[in-house]
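Student: Coordinates in coords-v1.cif, mmCIF, C-alpha atoms, are listed below.
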data_final
loop_
_atom_site.label_atom_id
_atom_site.label_comp_id
_atom_site.auth_asym_id
_atom_site.auth_seq_id
_atom_site.Cartn_x
_atom_site.Cartn_y
_atom_site.Cartn_z
CA ARG A 207 -196.12 -25.45 -26.45
CA LYS A 208 -197.49 -27.94 -29.00
CA GLU A 209 -197.67 -31.57 -27.89
CA VAL A 210 -195.75 -32.69 -30.97
CA GLU A 211 -193.52 -30.29 -32.86
CA GLN A 212 -191.96 -30.63 -36.27
CA ASP A 213 -190.08 -28.29 -38.57
CA PRO A 214 -192.65 -27.54 -41.31
CA GLY A 215 -190.04 -27.23 -44.03
CA PRO A 216 -190.17 -27.41 -46.95
CA PHE A 217 -186.96 -29.33 -47.33
CA ASN A 218 -185.79 -29.07 -50.93
CA VAL A 219 -183.07 -31.62 -51.67
CA PRO A 220 -181.51 -33.08 -54.83
CA GLU A 221 -181.94 -36.72 -55.77
CA GLY A 222 -179.48 -38.92 -53.92
CA ALA A 223 -179.23 -36.62 -50.91
CA THR A 224 -179.60 -37.69 -47.30
CA VAL A 225 -182.24 -35.79 -45.36
CA ALA A 226 -183.17 -35.89 -41.68
CA PHE A 227 -186.43 -34.90 -40.01
CA ASN A 228 -186.80 -34.22 -36.31
CA CYS A 229 -189.78 -34.30 -34.01
CA THR A 230 -190.11 -33.47 -30.32
CA TYR A 231 -192.98 -34.42 -28.02
CA SER A 232 -194.00 -32.95 -24.70
CA ASN A 233 -195.83 -35.79 -22.93
CA SER A 234 -193.32 -38.02 -21.19
CA ALA A 235 -196.03 -40.71 -20.80
CA SER A 236 -196.14 -41.24 -24.57
CA GLN A 237 -195.77 -44.90 -25.40
CA SER A 238 -195.71 -45.44 -29.14
CA PHE A 239 -194.15 -43.47 -31.95
CA PHE A 240 -194.61 -43.55 -35.71
CA TRP A 241 -193.73 -41.79 -38.90
CA TYR A 242 -196.50 -41.41 -41.47
CA ARG A 243 -196.21 -40.25 -45.04
CA GLN A 244 -198.91 -38.10 -46.64
CA ASP A 245 -199.03 -37.41 -50.34
CA CYS A 246 -200.84 -34.34 -51.62
CA ARG A 247 -204.63 -34.67 -51.25
CA LYS A 248 -204.36 -38.21 -49.87
CA GLU A 249 -204.70 -39.83 -46.47
CA PRO A 250 -201.61 -40.42 -44.27
CA LYS A 251 -200.08 -43.88 -44.55
CA LEU A 252 -197.84 -45.62 -42.04
CA LEU A 253 -194.20 -45.40 -43.03
CA MET A 254 -192.61 -47.01 -40.00
CA SER A 255 -192.82 -47.46 -36.28
CA VAL A 256 -190.07 -46.02 -34.10
CA TYR A 257 -188.38 -48.06 -31.38
CA SER A 258 -185.90 -47.10 -28.68
CA SER A 259 -183.29 -49.34 -30.23
CA GLY A 260 -183.68 -47.62 -33.56
CA ASN A 261 -184.97 -49.35 -36.64
CA GLU A 262 -184.20 -49.39 -40.31
CA ASP A 263 -186.27 -50.21 -43.37
CA GLY A 264 -184.27 -49.96 -46.56
CA ARG A 265 -183.28 -46.33 -47.06
CA PHE A 266 -185.24 -45.20 -43.99
CA THR A 267 -183.93 -45.13 -40.43
CA ALA A 268 -185.94 -44.06 -37.39
CA GLN A 269 -184.58 -43.24 -33.95
CA LEU A 270 -186.20 -42.52 -30.59
CA ASN A 271 -184.57 -40.75 -27.67
CA ARG A 272 -186.91 -41.00 -24.69
CA ALA A 273 -184.69 -38.96 -22.40
CA SER A 274 -184.77 -35.99 -24.78
CA GLN A 275 -188.32 -36.78 -26.00
CA TYR A 276 -187.07 -36.66 -29.54
CA ILE A 277 -187.77 -38.73 -32.67
CA SER A 278 -185.93 -38.65 -35.96
CA LEU A 279 -186.32 -40.00 -39.48
CA LEU A 280 -183.37 -40.30 -41.85
CA ILE A 281 -183.86 -40.87 -45.57
CA ARG A 282 -180.80 -41.90 -47.54
CA ASP A 283 -180.36 -41.72 -51.31
CA SER A 284 -183.53 -39.64 -51.77
CA LYS A 285 -185.76 -40.48 -54.72
CA LEU A 286 -188.21 -38.22 -56.52
CA SER A 287 -190.96 -40.50 -55.20
CA ASP A 288 -190.02 -39.60 -51.62
CA SER A 289 -191.53 -36.15 -52.12
CA ALA A 290 -194.36 -35.93 -49.61
CA THR A 291 -195.22 -34.61 -46.16
CA TYR A 292 -193.88 -36.65 -43.26
CA LEU A 293 -195.97 -36.70 -40.09
CA CYS A 294 -194.67 -37.58 -36.66
CA VAL A 295 -197.32 -39.39 -34.59
CA VAL A 296 -197.22 -40.07 -30.87
CA THR A 297 -199.69 -42.23 -29.00
CA LEU A 298 -200.64 -42.83 -25.40
CA ASP A 299 -201.62 -46.40 -24.74
CA THR A 300 -204.00 -45.33 -22.03
CA GLY A 301 -206.45 -42.49 -21.76
CA ARG A 302 -208.86 -41.09 -24.22
CA ARG A 303 -206.84 -38.96 -26.57
CA ALA A 304 -204.48 -41.57 -27.84
CA LEU A 305 -203.26 -39.96 -31.05
CA THR A 306 -201.24 -36.79 -31.32
CA PHE A 307 -199.95 -35.59 -34.68
CA GLY A 308 -197.21 -33.22 -35.57
CA SER A 309 -198.11 -30.72 -38.28
CA GLY A 310 -195.80 -32.44 -40.75
CA THR A 311 -192.58 -31.69 -42.61
CA ARG A 312 -192.77 -31.28 -46.36
CA LEU A 313 -190.04 -32.83 -48.49
CA GLN A 314 -189.45 -31.96 -52.13
CA VAL A 315 -186.83 -34.04 -53.91
CA GLN A 316 -185.60 -32.38 -57.06
CA PRO A 317 -184.00 -33.96 -60.15
CA ASP N 167 -210.21 -56.68 -46.89
CA GLY N 168 -210.33 -54.88 -43.56
CA GLY N 169 -210.32 -51.15 -43.69
CA ILE N 170 -212.01 -47.81 -43.30
CA THR N 171 -214.43 -46.45 -45.87
CA GLN N 172 -215.27 -42.78 -46.07
CA SER N 173 -217.94 -41.44 -48.33
CA PRO N 174 -218.44 -39.44 -50.36
CA LYS N 175 -214.98 -38.64 -51.66
CA TYR N 176 -216.08 -35.17 -52.76
CA LEU N 177 -218.96 -33.18 -51.28
CA PHE N 178 -220.33 -29.78 -52.11
CA ARG N 179 -222.45 -27.88 -49.64
CA LYS N 180 -224.45 -24.75 -49.99
CA GLU N 181 -224.12 -22.18 -47.25
CA GLY N 182 -226.60 -22.84 -44.44
CA GLN N 183 -226.91 -26.57 -45.16
CA ASN N 184 -226.04 -29.43 -42.87
CA VAL N 185 -224.14 -32.31 -44.44
CA THR N 186 -223.12 -35.69 -43.08
CA LEU N 187 -219.86 -37.46 -43.83
CA SER N 188 -219.85 -41.22 -43.51
CA CYS N 189 -217.11 -43.34 -41.90
CA GLU N 190 -217.42 -47.12 -41.68
CA GLN N 191 -214.79 -49.58 -40.46
CA ASN N 192 -214.58 -53.37 -40.36
CA LEU N 193 -211.36 -53.54 -38.35
CA ASN N 194 -213.24 -54.17 -35.09
CA HIS N 195 -211.48 -51.18 -33.53
CA ASP N 196 -213.05 -49.43 -30.56
CA ALA N 197 -211.50 -45.99 -31.07
CA MET N 198 -212.51 -43.75 -33.94
CA TYR N 199 -211.54 -40.17 -34.76
CA TRP N 200 -212.44 -37.31 -37.06
CA TYR N 201 -209.78 -34.86 -38.22
CA ARG N 202 -209.87 -31.76 -40.33
CA GLN N 203 -206.96 -30.75 -42.55
CA ASP N 204 -206.64 -27.37 -44.25
CA PRO N 205 -204.21 -26.79 -47.14
CA GLY N 206 -200.61 -26.90 -45.96
CA GLN N 207 -201.70 -27.58 -42.39
CA GLY N 208 -201.57 -30.51 -40.01
CA LEU N 209 -204.46 -32.61 -38.73
CA ARG N 210 -206.77 -31.08 -36.14
CA LEU N 211 -208.99 -33.27 -34.00
CA ILE N 212 -212.72 -32.60 -34.25
CA TYR N 213 -214.28 -35.46 -32.26
CA TYR N 214 -213.24 -38.87 -31.03
CA SER N 215 -214.99 -41.92 -29.67
CA GLN N 216 -213.40 -44.64 -27.57
CA ILE N 217 -216.48 -46.84 -27.34
CA VAL N 218 -220.01 -47.19 -28.67
CA ASN N 219 -222.46 -44.55 -27.40
CA ASP N 220 -219.66 -42.37 -26.12
CA PHE N 221 -217.77 -39.55 -27.83
CA GLN N 222 -215.76 -36.51 -26.81
CA LYS N 223 -214.99 -33.13 -28.30
CA GLY N 224 -211.60 -32.54 -29.76
CA ASP N 225 -209.86 -29.23 -30.34
CA ILE N 226 -212.23 -27.79 -32.96
CA ALA N 227 -215.66 -29.34 -32.27
CA GLU N 228 -217.72 -26.17 -32.72
CA GLY N 229 -220.09 -26.47 -35.66
CA TYR N 230 -219.77 -30.27 -35.84
CA SER N 231 -221.70 -33.17 -34.36
CA VAL N 232 -221.19 -36.93 -34.28
CA SER N 233 -222.90 -40.13 -33.20
CA ARG N 234 -221.59 -43.59 -32.36
CA GLU N 235 -224.56 -45.93 -32.33
CA LYS N 236 -222.60 -48.84 -33.77
CA LYS N 237 -218.99 -49.88 -33.38
CA GLU N 238 -218.52 -49.85 -37.13
CA SER N 239 -219.87 -46.38 -37.82
CA PHE N 240 -218.90 -42.86 -36.76
CA PRO N 241 -220.66 -40.27 -38.97
CA LEU N 242 -219.74 -36.60 -38.80
CA THR N 243 -222.31 -33.85 -39.42
CA VAL N 244 -221.04 -30.46 -40.49
CA THR N 245 -223.71 -28.02 -39.41
CA SER N 246 -224.53 -24.55 -40.65
CA ALA N 247 -222.89 -23.24 -37.49
CA GLN N 248 -219.49 -24.19 -38.91
CA LYS N 249 -218.51 -20.95 -40.63
CA ASN N 250 -215.58 -22.20 -42.65
CA PRO N 251 -216.20 -25.86 -43.45
CA THR N 252 -214.20 -26.13 -46.68
CA ALA N 253 -211.46 -28.64 -45.85
CA PHE N 254 -210.25 -32.22 -46.17
CA TYR N 255 -211.86 -34.49 -43.54
CA LEU N 256 -210.18 -37.68 -42.40
CA CYS N 257 -211.64 -40.48 -40.33
CA ALA N 258 -209.26 -42.73 -38.41
CA THR N 259 -209.25 -45.69 -36.07
CA THR N 260 -206.53 -46.99 -33.79
CA GLY N 261 -205.49 -50.54 -33.22
CA ARG N 262 -202.33 -51.72 -31.45
CA SER N 263 -201.57 -47.98 -31.05
CA LYS N 264 -201.32 -47.51 -34.81
CA ALA N 265 -203.61 -45.20 -36.73
CA PHE N 266 -205.51 -46.30 -39.83
CA PHE N 267 -207.13 -43.75 -42.10
CA GLY N 268 -209.97 -43.60 -44.55
CA GLN N 269 -209.33 -42.00 -47.92
CA GLY N 270 -210.86 -38.72 -46.82
CA THR N 271 -213.74 -36.50 -47.89
CA ARG N 272 -213.07 -33.19 -49.53
CA LEU N 273 -215.84 -30.77 -48.58
CA THR N 274 -216.36 -27.55 -50.49
CA VAL N 275 -218.87 -24.81 -49.73
CA VAL N 276 -220.39 -23.32 -52.87
#
Would you mind giving the structure from this file in structure tokens?
Tutor:
Amino acid sequence: RKEVEQDPGPFNVPEGATVAFNCTYSNSASQSFFWYRQDCRKEPKLLMSVYSSGNEDGRFTAQLNRASQYISLLIRDSKLSDSATYLCVVTLDTGRRALTFGSGTRLQVQP
Amino acid sequence: DGGITQSPKYLFRKEGQNVTLSCEQNLNHDAMYWYRQDPGQGLRLIYYSQIVNDFQKGDIAEGYSVSREKKESFPLTVTSAQKNPTAFYLCATTGRSKAFFGQGTRLTVV
């Protein structure tokens, strides 16, 4: 089983749609959780951190369920510019291999 | 500005050559990482270093070597033993559990 699993997609949605991405992780000792966005042929960039209480940043909402070891990202009112690959990232605050990446979910927003 | 600088952005290598990818950071982060990304794929860990003069193999270390003589620098050498080196290489650091990336080096074997 992969340490961090994501649906690879692609998710093809029309502009204005709401889309949800899911991510599961296997290490119950994981401490920090993030969503990164990666545009084609570019480096990943931090989109938002994920907290147990849930957090929102404009059209983006992230949720964490520690009991189910599950993270989600919701994008409302999709824009063409949201087209990218979304990476789920889990970190351990101790130990040597702190970063674990999901393989990413590709989103294509269509006009 | 603080950040991570990878160079070169594009690199072409002849078969049988060793090449070295540069990664420099001025974020004062202890941990540094090298990842490889193939088209349509996720990031795979090559090597990581938690402290100066120490580094560990990741999942796909064969055919690669690294050094960590200074906190700021973590160069990656792609050796001739790496049979399929064409890929996008990303260097990263972690601080406050977050990952910061360089802009990447695209390596092509010609």
Student: For this structure, which residues satisfy the selection - the PyMOL selection byres ((chain A and resi 220) around 6) - when it is evaluated on the file as given? I want them as a ChimeraX atom specification.
Tutor: /A:219,221,223,315-317
Student: For C-alpha atoms, I'd like the residues from the last selection saved as a short mmCIF file (atom, residue, chain, number, x, y, z; two decimals), in the coordinates of the input.
Tutor:
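To be explicit, this is the file written out as selection_18.cif:
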data_model
loop_
_atom_site.label_atom_id
_atom_site.label_comp_id
_atom_site.auth_asym_id
_atom_site.auth_seq_id
_atom_site.Cartn_x
_atom_site.Cartn_y
_atom_site.Cartn_z
CA VAL A 219 -183.07 -31.62 -51.67
CA GLU A 221 -181.94 -36.72 -55.77
CA ALA A 223 -179.23 -36.62 -50.91
CA VAL A 315 -186.83 -34.04 -53.91
CA GLN A 316 -185.60 -32.38 -57.06
CA PRO A 317 -184.00 -33.96 -60.15
#
Student: I'd like the contact shell of Ser278 of chain A - 10 Å cut-off, all atoms listed in the file, skipping same-chain residues fewer than 5 positions apart - returned as a PyMOL selection string.
Tutor: chain A and resi 226-230+240-241+256+260+267-271+294
Student: Between atom CA of Thr259 of chain N and atom CA of Lys180 of chain N, what distance in Å does the model show, to one decimal?
Tutor: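 Interatomic distance here is 29.4 Å.
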Student: Running the PyMOL selection byres ((chain N) within 9 of (chain A)) on this model by hand, what would come out? Give it as a list in words.
Tutor: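 Selected by the PyMOL selection byres ((chain N) within 9 of (chain A)) here: Ala197, Pro205, Gly206, Gln207, Gly208, Leu209, Arg210, Leu211, Tyr214, Ser215, Gln216, Gln222, Gly224, Phe254, Leu256, Thr260, Arg262, Ser263, Lys264, Ala265, Phe266, Phe267, Gly268, Gln269, Gly270 and Arg272 of chain N.
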Student: Keeping only C-alpha atoms, write the selected residues to a file as a PDB file, keeping the file's coordinate frame.
Tutor:
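Generated output (again12.pdb):
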ATOM      1  CA  ALA N 197    -211.500 -45.990 -31.070  1.00  0.00           C
ATOM      2  CA  PRO N 205    -204.210 -26.790 -47.140  1.00  0.00           C
ATOM      3  CA  GLY N 206    -200.610 -26.900 -45.960  1.00  0.00           C
ATOM      4  CA  GLN N 207    -201.700 -27.580 -42.390  1.00  0.00           C
ATOM      5  CA  GLY N 208    -201.570 -30.510 -40.010  1.00  0.00           C
ATOM      6  CA  LEU N 209    -204.460 -32.610 -38.730  1.00  0.00           C
ATOM      7  CA  ARG N 210    -206.770 -31.080 -36.140  1.00  0.00           C
ATOM      8  CA  LEU N 211    -208.990 -33.270 -34.000  1.00  0.00           C
ATOM      9  CA  TYR N 214    -213.240 -38.870 -31.030  1.00  0.00           C
ATOM     10  CA  SER N 215    -214.990 -41.920 -29.670  1.00  0.00           C
ATOM     11  CA  GLN N 216    -213.400 -44.640 -27.570  1.00  0.00           C
ATOM     12  CA  GLN N 222    -215.760 -36.510 -26.810  1.00  0.00           C
ATOM     13  CA  GLY N 224    -211.600 -32.540 -29.760  1.00  0.00           C
ATOM     14  CA  PHE N 254    -210.250 -32.220 -46.170  1.00  0.00           C
ATOM     15  CA  LEU N 256    -210.180 -37.680 -42.400  1.00  0.00           C
ATOM     16  CA  THR N 260    -206.530 -46.990 -33.790  1.00  0.00           C
ATOM     17  CA  ARG N 262    -202.330 -51.720 -31.450  1.00  0.00           C
ATOM     18  CA  SER N 263    -201.570 -47.980 -31.050  1.00  0.00           C
ATOM     19  CA  LYS N 264    -201.320 -47.510 -34.810  1.00  0.00           C
ATOM     20  CA  ALA N 265    -203.610 -45.200 -36.730  1.00  0.00           C
ATOM     21  CA  PHE N 266    -205.510 -46.300 -39.830  1.00  0.00           C
ATOM     22  CA  PHE N 267    -207.130 -43.750 -42.100  1.00  0.00           C
ATOM     23  CA  GLY N 268    -209.970 -43.600 -44.550  1.00  0.00           C
ATOM     24  CA  GLN N 269    -209.330 -42.000 -47.920  1.00  0.00           C
ATOM     25  CA  GLY N 270    -210.860 -38.720 -46.820  1.00  0.00           C
ATOM     26  CA  ARG N 272    -213.070 -33.190 -49.530  1.00  0.00           C
TER      27      ARG N 272
END
Student: Do a neighbour search on Trp200 of chain N at 6 Å with all atoms listed in the file, toss out local chain neighbours closer than 4 positions, and write the hits as number ranges by chain.
Tutor: N: 212-213, 256-257
Student: Quick one: residues within 12 Å of (-217.4, -50.6, -32.3) (file frame), counting all atoms listed in the file, please, as a ChimeraX atom specification.
Tutor: /N:190-198,215-221,233-240,259-261
Student: Please indicate the distance in Å from atom CA of Val244 of chain N to atom CA of Tyr292 of chain A, rounded to one decimal place.
Tutor: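 Distance reported for this atom pair: 28.0 Å.
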Student: Fewer than 5 positions away in the same chain doesn't count, so skip those; otherwise give me all residues within 10 Å of Gln314 of chain A, counting all atoms listed in the file, as a ChimeraX atom specification.
Tutor: /A:215-221,284-291
